[in-house]
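Q: Attaching a single structure in C-alpha cells format; questions to follow.
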Amino acid sequence: MDATQQGYFDANRRNWDERAALHASDGTGFYDIPAFLAGRDDLMAIEAGEVGEVRGLRVAHLQCHFGLDTLRLARRGAEVTGLDFSPVAIAKARELAAEAGLAARFVEGNVYDAPDLMGEAAFDHVYVTWGALNWLPDIAGWARAVARLLAPGGRLYLLESHPTILAFESVEGVIRPWFDFATAAGTPIVQDIATTYTGSTRQLASTRTYEWIHPLSAILGNLMAAGLALDWFHEHERLPYRLFANMEPAAEVGLYKLPEGHPRLPLSFSLQASRR
Ligand SMILES: C[S@@+](CC[C@H](N)C(=O)[O-])C[C@H]1O[C@@H](n2cnc3c(N)ncnc32)[C@H](O)[C@@H]1O
C-alpha cells in the first residue's frame, strides 16, 4: 500500500471513528440499540430473506461497524468474527456484545489484511452489506481477500447499493448523472460532509472522506478471477437510506423506495458466490 492510499484510509478512519462514537450513542434512534438489546431480530428484510442458514457456520463479517449485524448473526447461531478498521467501532462492538451477552470476536484492521488477521480459509461464510465497497480503492484486492478467508465451498453474501445508481445525484429535485460510473483507485470521490446519515445534527470534525464507485463488471469479474463462482444475483428497488431527496419509506422497516410513478430503477443488488 503506498502513502497516498494510506492517507485515504487514515482520513476515512478518522471520519468513521467519530461516526462510530456518535452512532453507538444512538441519539436519533436510527440504530435502535434498545430494541436490539431487548432481543428484537431486525436484520433488514432483504438480508433476512437472503442470507440463508448461518447456524453453526464460521462467519466473517467485514466492515462490521459497531457490531450490530455481527451480533444479530451471533443470535442466529453463527460463530461470528467482525472486522473493522475503526478502533472506536471495535471497542463499541465489544461493549455491545458484553451488554447483550452474545459471543462474537471483533478484530481491528483493514479489510485488505483480513486473511492475515482472521485466518486463511478459516470461514464458511463471508458477510458484507450496505456501505462497504465504496470505501475500498482496490476491488480486485478485496475479492482476493474474500477468497482467502473462505474455506473451499464457503460462500460470500454481498448486499450493496447498486453502483449504477451511485453515479447519480438528485439536483434540484431531478435525478441526474453526477459521478463517473467507475472510480479509478488514484482519483477517489472526495467529499466533506459535516453530518452523518442517522439524522443527528451534530457537526463532525473529521469531515473529509475518499470513496470509490465499482461497477458490477468489476465486482463480479474480480470475484470470479479470485476463484469464486456466482450462485445467484438479484437487483432490488430498496435502499436503507434516502439516496435521493424524493425517496419515501418502503413497507419494509428501515428501507426506502422511489415514489409511485417514478421510473423504476435498481437501487441495490445482492449476490451469493461460492469458493471453488
Ligand atoms: C457504512 S459502515 C458499514 C455498516 C455495516 N453494513 C454494518 O454492519 O453496520 C462502513 C464501515 O466500514 C468501515 N471501513 C471503511 N473502510 C474500511 C477498511 N478499509 N477496512 C476496514 N473497515 C473499513 C468503517 O469503519 C465503517 O464501520
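Residue names in the C-alpha cells use chain letters A, B, ... in the order shown, residue numbers from 1 in each chain, and ligand numbers from 1 in the order shown.
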Sorted by chain and rising residue number, list the residues of chain A at most 9 Å from ligand 1 (counting only C-alpha atoms and all ligand atoms), each with its closest atom pair and distance in Å to one decimal, as JSON lines.
A:
{"residue": "A:Phe9", "atom": "CA", "partner": "ligand 1", "partner_atom_place_in_ligand_line": "19 (N)", "distance": 6.1}
{"residue": "A:Asn12", "atom": "CA", "partner": "ligand 1", "partner_atom_place_in_ligand_line": "16 (N)", "distance": 6.6}
{"residue": "A:Arg13", "atom": "CA", "partner": "ligand 1", "partner_atom_place_in_ligand_line": "25 (O)", "distance": 5.9}
{"residue": "A:Arg14", "atom": "CA", "partner": "ligand 1", "partner_atom_place_in_ligand_line": "25 (O)", "distance": 8.7}
{"residue": "A:Asn15", "atom": "CA", "partner": "ligand 1", "partner_atom_place_in_ligand_line": "25 (O)", "distance": 8.2}
{"residue": "A:Trp16", "atom": "CA", "partner": "ligand 1", "partner_atom_place_in_ligand_line": "25 (O)", "distance": 4.8}
{"residue": "A:Asp17", "atom": "CA", "partner": "ligand 1", "partner_atom_place_in_ligand_line": "25 (O)", "distance": 6.8}
{"residue": "A:Arg19", "atom": "CA", "partner": "ligand 1", "partner_atom_place_in_ligand_line": "27 (O)", "distance": 8.3}
{"residue": "A:Ala20", "atom": "CA", "partner": "ligand 1", "partner_atom_place_in_ligand_line": "27 (O)", "distance": 6.8}
{"residue": "A:His61", "atom": "CA", "partner": "ligand 1", "partner_atom_place_in_ligand_line": "8 (O)", "distance": 7.5}
{"residue": "A:Leu62", "atom": "CA", "partner": "ligand 1", "partner_atom_place_in_ligand_line": "22 (N)", "distance": 7.0}
{"residue": "A:Gln63", "atom": "CA", "partner": "ligand 1", "partner_atom_place_in_ligand_line": "12 (O)", "distance": 4.1}
{"residue": "A:Cys64", "atom": "CA", "partner": "ligand 1", "partner_atom_place_in_ligand_line": "8 (O)", "distance": 4.3}
{"residue": "A:His65", "atom": "CA", "partner": "ligand 1", "partner_atom_place_in_ligand_line": "27 (O)", "distance": 3.2}
{"residue": "A:Phe66", "atom": "CA", "partner": "ligand 1", "partner_atom_place_in_ligand_line": "27 (O)", "distance": 6.6}
{"residue": "A:Gly67", "atom": "CA", "partner": "ligand 1", "partner_atom_place_in_ligand_line": "8 (O)", "distance": 6.3}
{"residue": "A:Leu68", "atom": "CA", "partner": "ligand 1", "partner_atom_place_in_ligand_line": "9 (O)", "distance": 6.2}
{"residue": "A:Asp69", "atom": "CA", "partner": "ligand 1", "partner_atom_place_in_ligand_line": "8 (O)", "distance": 4.9}
{"residue": "A:Thr70", "atom": "CA", "partner": "ligand 1", "partner_atom_place_in_ligand_line": "8 (O)", "distance": 6.7}
{"residue": "A:Gly82", "atom": "CA", "partner": "ligand 1", "partner_atom_place_in_ligand_line": "8 (O)", "distance": 8.8}
{"residue": "A:Leu83", "atom": "CA", "partner": "ligand 1", "partner_atom_place_in_ligand_line": "21 (C)", "distance": 6.6}
{"residue": "A:Asp84", "atom": "CA", "partner": "ligand 1", "partner_atom_place_in_ligand_line": "22 (N)", "distance": 3.9}
{"residue": "A:Phe85", "atom": "CA", "partner": "ligand 1", "partner_atom_place_in_ligand_line": "21 (C)", "distance": 4.0}
{"residue": "A:Ser86", "atom": "CA", "partner": "ligand 1", "partner_atom_place_in_ligand_line": "25 (O)", "distance": 4.7}
{"residue": "A:Pro87", "atom": "CA", "partner": "ligand 1", "partner_atom_place_in_ligand_line": "25 (O)", "distance": 8.3}
{"residue": "A:Val88", "atom": "CA", "partner": "ligand 1", "partner_atom_place_in_ligand_line": "25 (O)", "distance": 8.6}
{"residue": "A:Ala89", "atom": "CA", "partner": "ligand 1", "partner_atom_place_in_ligand_line": "27 (O)", "distance": 6.3}
{"residue": "A:Ile90", "atom": "CA", "partner": "ligand 1", "partner_atom_place_in_ligand_line": "27 (O)", "distance": 8.6}
{"residue": "A:Glu108", "atom": "CA", "partner": "ligand 1", "partner_atom_place_in_ligand_line": "21 (C)", "distance": 7.8}
{"residue": "A:Gly109", "atom": "CA", "partner": "ligand 1", "partner_atom_place_in_ligand_line": "21 (C)", "distance": 5.8}
{"residue": "A:Asn110", "atom": "CA", "partner": "ligand 1", "partner_atom_place_in_ligand_line": "20 (N)", "distance": 3.5}
{"residue": "A:Val111", "atom": "CA", "partner": "ligand 1", "partner_atom_place_in_ligand_line": "20 (N)", "distance": 4.0}
{"residue": "A:Tyr112", "atom": "CA", "partner": "ligand 1", "partner_atom_place_in_ligand_line": "20 (N)", "distance": 6.8}
{"residue": "A:Asp113", "atom": "CA", "partner": "ligand 1", "partner_atom_place_in_ligand_line": "20 (N)", "distance": 8.3}
{"residue": "A:Ala114", "atom": "CA", "partner": "ligand 1", "partner_atom_place_in_ligand_line": "21 (C)", "distance": 8.5}
{"residue": "A:Tyr127", "atom": "CA", "partner": "ligand 1", "partner_atom_place_in_ligand_line": "8 (O)", "distance": 8.9}
{"residue": "A:Val128", "atom": "CA", "partner": "ligand 1", "partner_atom_place_in_ligand_line": "6 (N)", "distance": 6.6}
{"residue": "A:Thr129", "atom": "CA", "partner": "ligand 1", "partner_atom_place_in_ligand_line": "6 (N)", "distance": 4.5}
{"residue": "A:Trp130", "atom": "CA", "partner": "ligand 1", "partner_atom_place_in_ligand_line": "6 (N)", "distance": 4.4}
{"residue": "A:Gly131", "atom": "CA", "partner": "ligand 1", "partner_atom_place_in_ligand_line": "1 (C)", "distance": 4.1}
{"residue": "A:Ala132", "atom": "CA", "partner": "ligand 1", "partner_atom_place_in_ligand_line": "10 (C)", "distance": 5.1}
{"residue": "A:Leu133", "atom": "CA", "partner": "ligand 1", "partner_atom_place_in_ligand_line": "16 (N)", "distance": 8.1}
{"residue": "A:Asn134", "atom": "CA", "partner": "ligand 1", "partner_atom_place_in_ligand_line": "16 (N)", "distance": 8.2}
{"residue": "A:Trp135", "atom": "CA", "partner": "ligand 1", "partner_atom_place_in_ligand_line": "16 (N)", "distance": 4.7}
{"residue": "A:Leu136", "atom": "CA", "partner": "ligand 1", "partner_atom_place_in_ligand_line": "19 (N)", "distance": 5.7}
{"residue": "A:Pro137", "atom": "CA", "partner": "ligand 1", "partner_atom_place_in_ligand_line": "19 (N)", "distance": 8.4}
{"residue": "A:Leu159", "atom": "CA", "partner": "ligand 1", "partner_atom_place_in_ligand_line": "6 (N)", "distance": 8.8}
{"residue": "A:Glu160", "atom": "CA", "partner": "ligand 1", "partner_atom_place_in_ligand_line": "6 (N)", "distance": 8.7}
Q: Write out, as a CSV table (one decimal), in the first residue's frame, the residues just selected, with N, CA and C atoms.
A:
chain,number,residue,atom,x,y,z
A,9,PHE,N,-7.1,6.0,3.6
A,9,PHE,CA,-7.6,5.1,4.7
A,9,PHE,C,-7.6,5.9,6.0
A,12,ASN,N,-10.4,8.4,6.1
A,12,ASN,CA,-11.7,7.7,6.2
A,12,ASN,C,-11.9,7.1,7.7
A,13,ARG,N,-10.8,6.6,8.2
A,13,ARG,CA,-10.8,6.0,9.6
A,13,ARG,C,-11.1,7.1,10.6
A,14,ARG,N,-10.5,8.3,10.4
A,14,ARG,CA,-10.9,9.4,11.4
A,14,ARG,C,-12.4,9.7,11.3
A,15,ASN,N,-12.9,9.8,10.1
A,15,ASN,CA,-14.3,10.1,9.9
A,15,ASN,C,-15.1,9.0,10.6
A,16,TRP,N,-14.8,7.7,10.4
A,16,TRP,CA,-15.6,6.6,10.9
A,16,TRP,C,-15.4,6.5,12.4
A,17,ASP,N,-14.2,6.8,13.0
A,17,ASP,CA,-14.1,6.8,14.4
A,17,ASP,C,-15.1,7.7,15.1
A,19,ARG,N,-17.9,8.9,13.7
A,19,ARG,CA,-19.3,8.4,13.4
A,19,ARG,C,-19.6,7.2,14.3
A,20,ALA,N,-18.6,6.3,14.5
A,20,ALA,CA,-18.9,5.1,15.3
A,20,ALA,C,-19.3,5.6,16.7
A,61,HIS,N,-17.7,-11.2,9.3
A,61,HIS,CA,-18.5,-10.0,8.9
A,61,HIS,C,-17.5,-8.9,8.7
A,62,LEU,N,-17.3,-8.5,7.4
A,62,LEU,CA,-16.3,-7.5,7.1
A,62,LEU,C,-16.9,-6.1,7.1
A,63,GLN,N,-16.1,-5.1,7.6
A,63,GLN,CA,-16.6,-3.7,7.8
A,63,GLN,C,-17.8,-3.7,8.7
A,64,CYS,N,-17.7,-4.3,9.9
A,64,CYS,CA,-18.8,-4.6,10.8
A,64,CYS,C,-19.3,-3.4,11.6
A,65,HIS,N,-18.7,-2.2,11.4
A,65,HIS,CA,-19.1,-1.0,12.2
A,65,HIS,C,-19.1,-1.3,13.7
A,66,PHE,N,-20.1,-0.9,14.4
A,66,PHE,CA,-20.0,-1.2,15.9
A,66,PHE,C,-20.8,-2.5,16.2
A,67,GLY,N,-20.9,-3.4,15.2
A,67,GLY,CA,-21.2,-4.8,15.5
A,67,GLY,C,-22.6,-5.2,15.6
A,68,LEU,N,-23.6,-4.3,15.3
A,68,LEU,CA,-25.0,-4.7,15.5
A,68,LEU,C,-25.3,-6.0,14.6
A,69,ASP,N,-25.0,-5.9,13.3
A,69,ASP,CA,-25.4,-7.0,12.5
A,69,ASP,C,-24.5,-8.3,12.8
A,70,THR,N,-23.3,-8.0,13.3
A,70,THR,CA,-22.4,-9.2,13.7
A,70,THR,C,-23.1,-9.9,14.8
A,82,GLY,N,-16.3,-10.2,13.6
A,82,GLY,CA,-16.4,-8.9,12.9
A,82,GLY,C,-15.1,-8.2,12.7
A,83,LEU,N,-14.9,-7.6,11.6
A,83,LEU,CA,-13.6,-6.8,11.4
A,83,LEU,C,-14.0,-5.4,10.9
A,84,ASP,N,-13.3,-4.4,11.5
A,84,ASP,CA,-13.4,-3.1,11.1
A,84,ASP,C,-12.1,-2.3,11.4
A,85,PHE,N,-11.8,-1.3,10.6
A,85,PHE,CA,-10.5,-0.6,10.8
A,85,PHE,C,-10.7,0.5,11.8
A,86,SER,N,-11.9,0.8,12.3
A,86,SER,CA,-12.1,1.8,13.3
A,86,SER,C,-11.9,1.3,14.7
A,87,PRO,N,-10.9,1.7,15.5
A,87,PRO,CA,-10.8,1.2,16.8
A,87,PRO,C,-11.9,1.6,17.7
A,88,VAL,N,-12.5,2.7,17.4
A,88,VAL,CA,-13.7,3.1,18.2
A,88,VAL,C,-14.9,2.2,18.0
A,89,ALA,N,-15.1,1.8,16.7
A,89,ALA,CA,-16.2,0.9,16.3
A,89,ALA,C,-15.9,-0.4,17.0
A,90,ILE,N,-14.7,-0.9,17.0
A,90,ILE,CA,-14.4,-2.3,17.5
A,90,ILE,C,-14.6,-2.2,19.1
A,108,GLU,N,-9.7,-5.6,15.0
A,108,GLU,CA,-9.5,-4.3,14.4
A,108,GLU,C,-8.5,-4.4,13.2
A,109,GLY,N,-8.8,-3.9,12.0
A,109,GLY,CA,-7.9,-4.0,10.9
A,109,GLY,C,-8.5,-3.6,9.6
A,110,ASN,N,-7.6,-3.4,8.6
A,110,ASN,CA,-8.1,-3.1,7.3
A,110,ASN,C,-8.6,-4.3,6.6
A,111,VAL,N,-9.6,-4.2,5.8
A,111,VAL,CA,-10.2,-5.3,5.0
A,111,VAL,C,-9.1,-6.1,4.3
A,112,TYR,N,-8.1,-5.3,3.7
A,112,TYR,CA,-7.1,-6.0,2.9
A,112,TYR,C,-6.2,-6.9,3.7
A,113,ASP,N,-6.2,-6.7,5.0
A,113,ASP,CA,-5.3,-7.5,5.9
A,113,ASP,C,-6.1,-8.6,6.5
A,114,ALA,N,-7.4,-8.7,6.2
A,114,ALA,CA,-8.3,-9.6,6.9
A,114,ALA,C,-7.8,-11.1,6.9
A,127,TYR,N,-19.7,-12.2,5.1
A,127,TYR,CA,-20.9,-11.4,5.1
A,127,TYR,C,-20.5,-9.9,4.9
A,128,VAL,N,-21.0,-9.3,3.8
A,128,VAL,CA,-20.6,-7.9,3.5
A,128,VAL,C,-21.9,-7.2,3.1
A,129,THR,N,-22.3,-6.1,3.8
A,129,THR,CA,-23.5,-5.4,3.5
A,129,THR,C,-23.4,-3.9,3.6
A,130,TRP,N,-24.2,-3.2,2.9
A,130,TRP,CA,-24.5,-1.8,2.9
A,130,TRP,C,-23.4,-0.9,3.3
A,131,GLY,N,-22.8,-0.2,2.3
A,131,GLY,CA,-21.8,0.8,2.6
A,131,GLY,C,-20.5,0.3,2.9
A,132,ALA,N,-20.1,-0.8,2.2
A,132,ALA,CA,-18.7,-1.3,2.5
A,132,ALA,C,-17.8,-1.1,1.3
A,133,LEU,N,-18.2,-1.5,0.1
A,133,LEU,CA,-17.3,-1.5,-1.1
A,133,LEU,C,-16.9,0.0,-1.5
A,134,ASN,N,-17.8,0.9,-1.2
A,134,ASN,CA,-17.5,2.3,-1.6
A,134,ASN,C,-16.3,2.9,-0.9
A,135,TRP,N,-15.8,2.2,0.2
A,135,TRP,CA,-14.7,2.7,1.0
A,135,TRP,C,-13.4,2.1,0.5
A,136,LEU,N,-13.5,1.3,-0.5
A,136,LEU,CA,-12.3,0.4,-0.9
A,136,LEU,C,-11.8,0.8,-2.3
A,137,PRO,N,-10.5,1.2,-2.4
A,137,PRO,CA,-10.0,1.7,-3.7
A,137,PRO,C,-9.7,0.5,-4.6
A,159,LEU,N,-24.4,-7.6,-0.2
A,159,LEU,CA,-25.6,-6.8,-0.4
A,159,LEU,C,-25.2,-5.3,-0.4
A,160,GLU,N,-25.4,-4.6,-1.5
A,160,GLU,CA,-24.8,-3.2,-1.6
A,160,GLU,C,-25.7,-2.3,-2.4
Q: Can you tell me how far CA of Val51 in chain A sits from CA of Arg148 in chain A, in Å to one decimal?
A: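 That distance, rounded to one decimal, is 20.4 Å.
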Q: Which residue out of A:Leu223, A:Lys257, A:Thr201, A:Ala98 has the minimum interatomic distance to Ala245 in chain A when only C-alpha atoms are used?
A: A:Lys257
Q: What lies within 12 Å of His262 in chain A using only C-alpha atoms, ignoring chain neighbours under 5 positions off, as a list in words?
A: Val174, Ile175, Glu237, Asn246, Met247, Glu248 and Lys257 of chain A
Q: Using only C-alpha atoms, can you tell me which of A:Leu265, A:Arg72, A:Gly7, A:Leu150 comes closest to Gly227 in chain A?
A: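 With only C-alpha atoms as the atom set, the closest residue is A:Leu150.
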Q: May I ask which of the residues A:Thr195, A:Ser25, A:Thr183, A:Ser200 is the closest one to Leu166 in chain A, counting only C-alpha atoms?
A: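 For Leu166 in chain A, the nearest of the candidates is A:Thr183.
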Q: Could you pull out the strand (DSSP E or B) residues of range 32-187 of chain A, going by DSSP on the backbone, and write them as a PyMOL selection string?
A: chain A and resi 58-62+79-84+105-108+123-129+150-161+168-171+174-177
Q: Once you have the residues from the selection above, write them out as a tab-separated table (two decimals), in the first residue's frame, restricted to N, CA and C atoms.
A:
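Result file follows (out-v9.tsv):
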chain	number	residue	atom	x	y	z
A	58	ARG	N	-18.97	-20.72	10.57
A	58	ARG	CA	-17.94	-19.72	10.92
A	58	ARG	C	-18.11	-18.55	9.95
A	59	VAL	N	-18.57	-17.42	10.49
A	59	VAL	CA	-18.91	-16.27	9.64
A	59	VAL	C	-17.93	-15.12	9.88
A	60	ALA	N	-17.41	-14.55	8.79
A	60	ALA	CA	-16.59	-13.32	8.87
A	60	ALA	C	-17.46	-12.17	8.40
A	61	HIS	N	-17.69	-11.20	9.27
A	61	HIS	CA	-18.47	-10.01	8.90
A	61	HIS	C	-17.47	-8.87	8.67
A	62	LEU	N	-17.28	-8.49	7.40
A	62	LEU	CA	-16.29	-7.47	7.07
A	62	LEU	C	-16.91	-6.08	7.14
A	79	GLU	N	-20.99	-18.62	14.44
A	79	GLU	CA	-19.75	-18.39	15.19
A	79	GLU	C	-19.04	-17.24	14.47
A	80	VAL	N	-19.27	-16.03	14.91
A	80	VAL	CA	-19.02	-14.88	14.05
A	80	VAL	C	-17.83	-14.02	14.52
A	81	THR	N	-17.08	-13.53	13.52
A	81	THR	CA	-15.97	-12.60	13.77
A	81	THR	C	-16.22	-11.35	12.94
A	82	GLY	N	-16.27	-10.19	13.59
A	82	GLY	CA	-16.43	-8.92	12.87
A	82	GLY	C	-15.08	-8.23	12.74
A	83	LEU	N	-14.87	-7.58	11.59
A	83	LEU	CA	-13.64	-6.81	11.39
A	83	LEU	C	-13.98	-5.40	10.95
A	84	ASP	N	-13.29	-4.44	11.51
A	84	ASP	CA	-13.45	-3.05	11.08
A	84	ASP	C	-12.13	-2.33	11.39
A	105	ARG	N	-16.36	-12.48	18.15
A	105	ARG	CA	-14.99	-11.98	18.20
A	105	ARG	C	-14.93	-10.73	17.34
A	106	PHE	N	-14.21	-9.72	17.78
A	106	PHE	CA	-14.06	-8.50	16.99
A	106	PHE	C	-12.58	-8.20	16.78
A	107	VAL	N	-12.23	-7.92	15.53
A	107	VAL	CA	-10.84	-7.72	15.14
A	107	VAL	C	-10.71	-6.34	14.52
A	108	GLU	N	-9.71	-5.58	14.96
A	108	GLU	CA	-9.46	-4.26	14.37
A	108	GLU	C	-8.47	-4.41	13.22
A	123	PHE	N	-13.18	-19.59	7.20
A	123	PHE	CA	-14.61	-19.24	7.31
A	123	PHE	C	-15.46	-20.00	6.29
A	124	ASP	N	-16.69	-20.30	6.73
A	124	ASP	CA	-17.68	-20.92	5.84
A	124	ASP	C	-18.48	-19.86	5.11
A	125	HIS	N	-18.46	-18.63	5.64
A	125	HIS	CA	-19.35	-17.59	5.14
A	125	HIS	C	-18.68	-16.23	5.37
A	126	VAL	N	-18.68	-15.40	4.31
A	126	VAL	CA	-18.25	-14.01	4.47
A	126	VAL	C	-19.46	-13.13	4.21
A	127	TYR	N	-19.71	-12.19	5.12
A	127	TYR	CA	-20.92	-11.37	5.09
A	127	TYR	C	-20.51	-9.91	4.91
A	128	VAL	N	-21.00	-9.29	3.84
A	128	VAL	CA	-20.65	-7.89	3.55
A	128	VAL	C	-21.91	-7.17	3.11
A	129	THR	N	-22.31	-6.14	3.85
A	129	THR	CA	-23.55	-5.44	3.46
A	129	THR	C	-23.41	-3.93	3.58
A	150	LEU	N	-12.27	-17.59	2.77
A	150	LEU	CA	-13.24	-18.68	2.65
A	150	LEU	C	-12.57	-20.05	2.53
A	151	ALA	N	-13.12	-21.01	3.24
A	151	ALA	CA	-12.74	-22.41	3.02
A	151	ALA	C	-13.36	-22.86	1.70
A	152	PRO	N	-12.78	-23.87	1.01
A	152	PRO	CA	-13.40	-24.35	-0.22
A	152	PRO	C	-14.87	-24.69	0.01
A	153	GLY	N	-15.73	-24.22	-0.90
A	153	GLY	CA	-17.17	-24.45	-0.74
A	153	GLY	C	-17.85	-23.36	0.09
A	154	GLY	N	-17.06	-22.54	0.78
A	154	GLY	CA	-17.62	-21.44	1.58
A	154	GLY	C	-18.23	-20.38	0.69
A	155	ARG	N	-19.14	-19.56	1.25
A	155	ARG	CA	-19.86	-18.62	0.39
A	155	ARG	C	-19.77	-17.18	0.89
A	156	LEU	N	-19.80	-16.27	-0.08
A	156	LEU	CA	-19.88	-14.83	0.19
A	156	LEU	C	-21.32	-14.39	0.04
A	157	TYR	N	-21.86	-13.63	1.00
A	157	TYR	CA	-23.13	-12.92	0.79
A	157	TYR	C	-22.79	-11.44	0.73
A	158	LEU	N	-23.13	-10.79	-0.38
A	158	LEU	CA	-22.85	-9.37	-0.59
A	158	LEU	C	-24.14	-8.65	-0.92
A	159	LEU	N	-24.44	-7.58	-0.19
A	159	LEU	CA	-25.64	-6.76	-0.43
A	159	LEU	C	-25.20	-5.30	-0.37
A	160	GLU	N	-25.38	-4.59	-1.48
A	160	GLU	CA	-24.85	-3.23	-1.56
A	160	GLU	C	-25.74	-2.31	-2.37
A	161	SER	N	-25.52	-1.02	-2.21
A	161	SER	CA	-26.11	-0.03	-3.11
A	161	SER	C	-25.70	-0.39	-4.54
A	168	PHE	N	-25.48	8.69	-9.82
A	168	PHE	CA	-26.49	9.75	-9.96
A	168	PHE	C	-26.64	10.53	-8.65
A	169	GLU	N	-27.05	11.80	-8.79
A	169	GLU	CA	-27.36	12.64	-7.63
A	169	GLU	C	-28.70	13.30	-7.89
A	170	SER	N	-29.44	13.68	-6.80
A	170	SER	CA	-30.63	14.49	-7.12
A	170	SER	C	-30.23	15.96	-6.97
A	171	VAL	N	-30.38	16.67	-8.08
A	171	VAL	CA	-30.01	18.07	-8.13
A	171	VAL	C	-31.28	18.86	-8.41
A	174	VAL	N	-34.15	16.76	-9.46
A	174	VAL	CA	-34.04	15.91	-10.65
A	174	VAL	C	-32.86	14.95	-10.46
A	175	ILE	N	-33.13	13.66	-10.72
A	175	ILE	CA	-32.06	12.67	-10.61
A	175	ILE	C	-31.25	12.70	-11.89
A	176	ARG	N	-29.98	13.03	-11.77
A	176	ARG	CA	-29.18	13.17	-12.99
A	176	ARG	C	-27.77	12.58	-12.79
A	177	PRO	N	-27.11	12.21	-13.90
A	177	PRO	CA	-25.75	11.66	-13.77
A	177	PRO	C	-24.84	12.67	-13.11
Q: Which residue out of A:Gly27, A:Gly173, A:Gly221, A:Pro215 has the minimum interatomic distance to Thr198 in chain A when only C-alpha atoms are used?
A: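 Between A:Gly27, A:Gly173, A:Gly221, A:Pro215, the residue approaching Thr198 in chain A most closely is A:Gly27.
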Q: How far is it from CA of Ala182 in chain A to CA of Gln5 in chain A, in Å with one decimal?
A: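 Here the two named atoms are 17.5 Å from each other.
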Q: Nearest to Arg202 in chain A among A:Thr4, A:Phe269, A:Glu18, A:Ile165, with distances taken over only C-alpha atoms: which residue is it?
A: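 Using only C-alpha atoms, the shortest distance to Arg202 in chain A belongs to A:Glu18.
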Q: Within 12 Å of Asp32 in chain A, counting only C-alpha atoms, which residues qualify if same-chain residues fewer than 6 places away don't, as a list of chain:residue names?
A: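 Everything that qualifies: A:His23, A:Ala24, A:Ser25, A:Asp26, A:Ala38, A:Gly39, A:Arg40, A:Asp41, A:Asp42, A:Leu43, A:Leu68, A:Thr198, A:Val253, A:Gly254.
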Q: CA of Ala185 in chain A and CA of Glu47 in chain A are how many Å apart?
A: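 One can read the CA of Ala185 in chain A to CA of Glu47 in chain A distance as 28.8 Å.
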Q: Just checking: using only C-alpha atoms, which residue out of A:Ser217, A:Thr164, A:Asn222, A:Gln6 ends up closest to Ala140 in chain A?
A: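 When distances to Ala140 in chain A are compared using only C-alpha atoms, the smallest one comes from A:Asn222.
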